[in-house]
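File shown here: input_3.txt, holding compact mmCIF, N, CA and C atoms.
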```txt
# COMPACT_ATOMS: atom_id res chain seq x y z
N LEU A 1 -2.94 31.74 6.18
CA LEU A 1 -2.36 30.85 7.18
C LEU A 1 -3.29 30.71 8.37
N VAL A 2 -3.92 31.79 8.80
CA VAL A 2 -4.83 31.74 9.94
C VAL A 2 -6.00 30.82 9.63
N ASN A 3 -6.57 30.92 8.42
CA ASN A 3 -7.70 30.07 8.06
C ASN A 3 -7.31 28.60 8.04
N ARG A 4 -6.12 28.30 7.52
CA ARG A 4 -5.66 26.91 7.51
C ARG A 4 -5.47 26.40 8.93
N THR A 5 -4.89 27.22 9.78
CA THR A 5 -4.68 26.81 11.17
C THR A 5 -6.00 26.49 11.84
N ALA A 6 -6.99 27.35 11.67
CA ALA A 6 -8.32 27.11 12.26
C ALA A 6 -8.93 25.84 11.69
N TYR A 7 -8.76 25.63 10.39
CA TYR A 7 -9.31 24.42 9.75
C TYR A 7 -8.70 23.17 10.37
N PHE A 8 -7.36 23.15 10.49
CA PHE A 8 -6.71 21.96 11.01
C PHE A 8 -7.03 21.75 12.50
N ARG A 9 -7.21 22.81 13.24
CA ARG A 9 -7.61 22.67 14.64
C ARG A 9 -9.00 22.03 14.73
N ARG A 10 -9.93 22.52 13.88
CA ARG A 10 -11.28 21.92 13.87
C ARG A 10 -11.20 20.47 13.42
N ARG A 11 -10.39 20.21 12.41
CA ARG A 11 -10.25 18.86 11.87
C ARG A 11 -9.66 17.93 12.92
N ARG A 12 -8.63 18.39 13.63
CA ARG A 12 -8.01 17.58 14.66
C ARG A 12 -8.99 17.29 15.79
N SER A 13 -9.79 18.29 16.16
CA SER A 13 -10.79 18.11 17.20
C SER A 13 -11.82 17.08 16.78
N ALA A 14 -12.30 17.19 15.54
CA ALA A 14 -13.28 16.24 15.04
C ALA A 14 -12.69 14.84 14.97
N THR A 15 -11.43 14.75 14.59
CA THR A 15 -10.77 13.46 14.48
C THR A 15 -10.62 12.82 15.86
N SER A 16 -10.23 13.59 16.83
CA SER A 16 -10.05 13.02 18.16
C SER A 16 -11.37 12.61 18.78
N GLN A 17 -12.45 13.29 18.43
CA GLN A 17 -13.75 12.95 18.99
C GLN A 17 -14.34 11.73 18.31
N ASN A 18 -14.11 11.58 17.03
CA ASN A 18 -14.68 10.47 16.31
C ASN A 18 -13.78 10.11 15.14
N ALA A 19 -12.77 9.31 15.40
CA ALA A 19 -11.76 9.00 14.39
C ALA A 19 -12.37 8.31 13.18
N THR A 20 -13.32 7.48 13.37
CA THR A 20 -13.92 6.75 12.25
C THR A 20 -14.62 7.71 11.30
N ALA A 21 -15.38 8.64 11.80
CA ALA A 21 -16.12 9.57 10.95
C ALA A 21 -15.18 10.52 10.20
N ALA A 22 -14.02 10.82 10.77
CA ALA A 22 -13.11 11.77 10.16
C ALA A 22 -12.18 11.11 9.14
N ALA A 23 -12.10 9.79 9.15
CA ALA A 23 -11.19 9.09 8.24
C ALA A 23 -11.74 9.11 6.82
N PRO A 24 -10.93 9.52 5.85
CA PRO A 24 -11.41 9.55 4.47
C PRO A 24 -11.48 8.14 3.89
N THR A 25 -12.30 7.97 2.89
CA THR A 25 -12.36 6.69 2.19
C THR A 25 -11.15 6.58 1.28
N THR A 26 -10.87 5.38 0.82
CA THR A 26 -9.77 5.17 -0.11
C THR A 26 -9.99 5.98 -1.39
N ALA A 27 -11.22 6.00 -1.87
CA ALA A 27 -11.54 6.77 -3.07
C ALA A 27 -11.26 8.26 -2.88
N GLU A 28 -11.59 8.78 -1.70
CA GLU A 28 -11.32 10.20 -1.41
C GLU A 28 -9.83 10.48 -1.38
N VAL A 29 -9.07 9.57 -0.80
CA VAL A 29 -7.61 9.73 -0.73
C VAL A 29 -7.03 9.73 -2.15
N PHE A 30 -7.47 8.78 -2.96
CA PHE A 30 -6.97 8.71 -4.34
C PHE A 30 -7.36 9.95 -5.14
N GLN A 31 -8.55 10.46 -4.93
CA GLN A 31 -9.01 11.64 -5.65
C GLN A 31 -8.14 12.85 -5.31
N VAL A 32 -7.86 13.04 -4.03
CA VAL A 32 -7.00 14.16 -3.61
C VAL A 32 -5.59 13.96 -4.16
N ARG A 33 -5.09 12.76 -4.08
CA ARG A 33 -3.73 12.47 -4.55
C ARG A 33 -3.61 12.73 -6.06
N GLU A 34 -4.59 12.28 -6.82
CA GLU A 34 -4.56 12.49 -8.27
C GLU A 34 -4.59 13.99 -8.60
N GLY A 35 -5.35 14.75 -7.84
CA GLY A 35 -5.39 16.20 -8.05
C GLY A 35 -4.05 16.84 -7.77
N ARG A 36 -3.41 16.41 -6.71
CA ARG A 36 -2.09 16.98 -6.37
C ARG A 36 -1.04 16.59 -7.39
N MET A 37 -1.11 15.35 -7.86
CA MET A 37 -0.17 14.90 -8.89
C MET A 37 -0.36 15.70 -10.18
N ALA A 38 -1.60 15.97 -10.54
CA ALA A 38 -1.89 16.75 -11.74
C ALA A 38 -1.36 18.18 -11.60
N THR A 39 -1.48 18.75 -10.41
CA THR A 39 -0.97 20.10 -10.16
C THR A 39 0.55 20.14 -10.32
N VAL A 40 1.24 19.18 -9.74
CA VAL A 40 2.70 19.14 -9.85
C VAL A 40 3.11 18.94 -11.30
N LYS A 41 2.44 18.01 -12.00
CA LYS A 41 2.76 17.77 -13.41
C LYS A 41 2.58 19.03 -14.24
N ALA A 42 1.49 19.75 -14.02
CA ALA A 42 1.24 20.99 -14.77
C ALA A 42 2.33 22.02 -14.50
N LEU A 43 2.75 22.12 -13.25
CA LEU A 43 3.81 23.08 -12.91
C LEU A 43 5.15 22.69 -13.53
N VAL A 44 5.48 21.41 -13.46
CA VAL A 44 6.75 20.94 -14.01
C VAL A 44 6.76 21.08 -15.53
N ASP A 45 5.63 20.79 -16.17
CA ASP A 45 5.54 20.91 -17.63
C ASP A 45 5.82 22.33 -18.11
N GLN A 46 5.56 23.31 -17.28
CA GLN A 46 5.74 24.71 -17.66
C GLN A 46 7.19 25.19 -17.48
N LEU A 47 8.00 24.44 -16.78
CA LEU A 47 9.36 24.89 -16.51
C LEU A 47 10.26 24.75 -17.73
N SER A 48 11.02 25.77 -18.01
CA SER A 48 12.00 25.72 -19.09
C SER A 48 13.34 25.24 -18.53
N ASP A 49 14.26 24.91 -19.43
CA ASP A 49 15.60 24.52 -18.99
C ASP A 49 16.27 25.64 -18.20
N ALA A 50 16.04 26.88 -18.63
CA ALA A 50 16.64 28.02 -17.93
C ALA A 50 16.07 28.14 -16.51
N GLU A 51 14.76 27.94 -16.37
CA GLU A 51 14.15 28.01 -15.03
C GLU A 51 14.64 26.88 -14.15
N LEU A 52 14.83 25.70 -14.72
CA LEU A 52 15.34 24.56 -13.95
C LEU A 52 16.77 24.81 -13.46
N ALA A 53 17.52 25.61 -14.20
CA ALA A 53 18.91 25.90 -13.83
C ALA A 53 19.04 27.06 -12.85
N GLU A 54 17.95 27.76 -12.57
CA GLU A 54 18.01 28.90 -11.65
C GLU A 54 18.41 28.44 -10.25
N PRO A 55 19.27 29.23 -9.58
CA PRO A 55 19.67 28.88 -8.22
C PRO A 55 18.57 29.17 -7.20
N ARG A 56 18.51 28.32 -6.23
CA ARG A 56 17.64 28.50 -5.06
C ARG A 56 18.51 28.18 -3.85
N GLY A 57 19.05 29.22 -3.24
CA GLY A 57 20.01 29.00 -2.17
C GLY A 57 21.26 28.38 -2.78
N ASP A 58 21.72 27.27 -2.24
CA ASP A 58 22.90 26.60 -2.80
C ASP A 58 22.53 25.46 -3.75
N GLN A 59 21.23 25.38 -4.14
CA GLN A 59 20.74 24.35 -5.05
C GLN A 59 20.12 25.01 -6.28
N THR A 60 19.87 24.23 -7.30
CA THR A 60 19.11 24.71 -8.46
C THR A 60 17.67 24.23 -8.32
N VAL A 61 16.80 24.82 -9.11
CA VAL A 61 15.40 24.37 -9.13
C VAL A 61 15.38 22.89 -9.52
N ARG A 62 16.21 22.51 -10.49
CA ARG A 62 16.27 21.10 -10.94
C ARG A 62 16.63 20.17 -9.79
N SER A 63 17.63 20.51 -9.01
CA SER A 63 18.03 19.62 -7.91
C SER A 63 16.95 19.56 -6.83
N CYS A 64 16.26 20.67 -6.61
CA CYS A 64 15.15 20.66 -5.65
C CYS A 64 14.03 19.76 -6.16
N LEU A 65 13.74 19.85 -7.44
CA LEU A 65 12.71 19.00 -8.03
C LEU A 65 13.09 17.54 -7.94
N TRP A 66 14.35 17.23 -8.21
CA TRP A 66 14.81 15.84 -8.09
C TRP A 66 14.63 15.33 -6.65
N THR A 67 14.87 16.18 -5.68
CA THR A 67 14.68 15.78 -4.28
C THR A 67 13.22 15.42 -4.02
N VAL A 68 12.31 16.25 -4.51
CA VAL A 68 10.87 15.98 -4.34
C VAL A 68 10.49 14.67 -5.02
N LEU A 69 10.97 14.48 -6.26
CA LEU A 69 10.64 13.25 -6.99
C LEU A 69 11.26 12.02 -6.33
N ASP A 70 12.47 12.17 -5.81
CA ASP A 70 13.12 11.07 -5.10
C ASP A 70 12.34 10.69 -3.85
N GLU A 71 11.91 11.68 -3.10
CA GLU A 71 11.10 11.43 -1.90
C GLU A 71 9.79 10.73 -2.27
N GLU A 72 9.18 11.16 -3.36
CA GLU A 72 7.95 10.54 -3.84
C GLU A 72 8.18 9.08 -4.19
N TRP A 73 9.28 8.80 -4.87
CA TRP A 73 9.61 7.43 -5.24
C TRP A 73 9.77 6.56 -4.00
N TYR A 74 10.51 7.04 -3.01
CA TYR A 74 10.70 6.27 -1.78
C TYR A 74 9.37 6.07 -1.04
N HIS A 75 8.55 7.10 -1.00
CA HIS A 75 7.24 6.97 -0.36
C HIS A 75 6.45 5.85 -1.04
N HIS A 76 6.44 5.85 -2.36
CA HIS A 76 5.73 4.81 -3.12
C HIS A 76 6.30 3.43 -2.81
N TRP A 77 7.62 3.33 -2.79
CA TRP A 77 8.29 2.06 -2.53
C TRP A 77 7.93 1.52 -1.13
N PHE A 78 8.02 2.37 -0.11
CA PHE A 78 7.69 1.94 1.24
C PHE A 78 6.22 1.60 1.38
N ALA A 79 5.35 2.37 0.74
CA ALA A 79 3.92 2.08 0.83
C ALA A 79 3.61 0.72 0.22
N ASN A 80 4.19 0.41 -0.92
CA ASN A 80 3.98 -0.90 -1.54
C ASN A 80 4.56 -2.02 -0.70
N ARG A 81 5.73 -1.77 -0.13
CA ARG A 81 6.34 -2.78 0.73
C ARG A 81 5.44 -3.07 1.93
N ASP A 82 4.91 -2.01 2.54
CA ASP A 82 4.04 -2.19 3.71
C ASP A 82 2.73 -2.85 3.33
N LEU A 83 2.19 -2.53 2.17
CA LEU A 83 0.95 -3.18 1.71
C LEU A 83 1.20 -4.65 1.46
N ASP A 84 2.34 -5.01 0.90
CA ASP A 84 2.66 -6.41 0.68
C ASP A 84 2.69 -7.17 2.01
N VAL A 85 3.24 -6.56 3.04
CA VAL A 85 3.28 -7.18 4.37
C VAL A 85 1.87 -7.37 4.91
N LEU A 86 1.04 -6.36 4.79
CA LEU A 86 -0.34 -6.45 5.29
C LEU A 86 -1.14 -7.50 4.54
N VAL A 87 -0.98 -7.58 3.25
CA VAL A 87 -1.71 -8.57 2.45
C VAL A 87 -1.27 -9.97 2.81
N ALA A 88 0.01 -10.13 3.13
CA ALA A 88 0.55 -11.46 3.47
C ALA A 88 0.06 -11.98 4.82
N ARG A 89 -0.48 -11.11 5.65
CA ARG A 89 -0.93 -11.52 7.00
C ARG A 89 -2.17 -12.34 6.95
```
For this file, write the structure as structure tokens.
Amino acid sequence: LVNRTAYFRRRRSATSQNATAAAPTTAEVFQVREGRMATVKALVDQLSDAELAEPRGDQTVRSCLWTVLDEEWYHHWFANRDLDVLVAR
């Protein structure tokens, strides 16, 4: 956690000093996103029905996963909606 905090502080400082240089390219964003999606897919593929039914607080792993997937769907929907608006300008 300490290393991450230091990293983000340095990153924030670099971003505030030169926002253009700190901004990732679209290709870089897609590359990171694809890696994260692959990680989630690999983790989900390993889950058994029994593991999905395990309780986590007052929810099951399955319901928590559905929440994450639902949030992802809405993020995708809003991003496309906003891109459509920008393209129409």
Inset, instruction - Determine, counting only C-alpha atoms, which protein, DNA and RNA residues have an atom within 9 Å of an atom of Glu51 of chain A; residues of the same chain fewer than 5 positions away are not included. Present the result as a PyMOL selection string. - result: chain A and resi 60-62
Legend entry - Two-atom distance - atom C of Asp70 of chain A, atom C of Ser48 of chain A (Å): 20.7 Å
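The space between atom N of Asp82 of chain A and atom C of Arg33 of chain A spans 19.1 Å.
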Legend entry - Pairwise distance for atom CA of His76 of chain A and atom N of Glu54 of chain A, rounded to one decimal in Å: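 Interatomic distance here is 27.7 Å.
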Inset, instruction - Would you mind writing down, as an MDAnalysis selection string, each residue of segment 17-82 of chain A that DSSP on the backbone assigns to strand (DSSP E or B)? - result: chainID A and resid 55:56 59:60
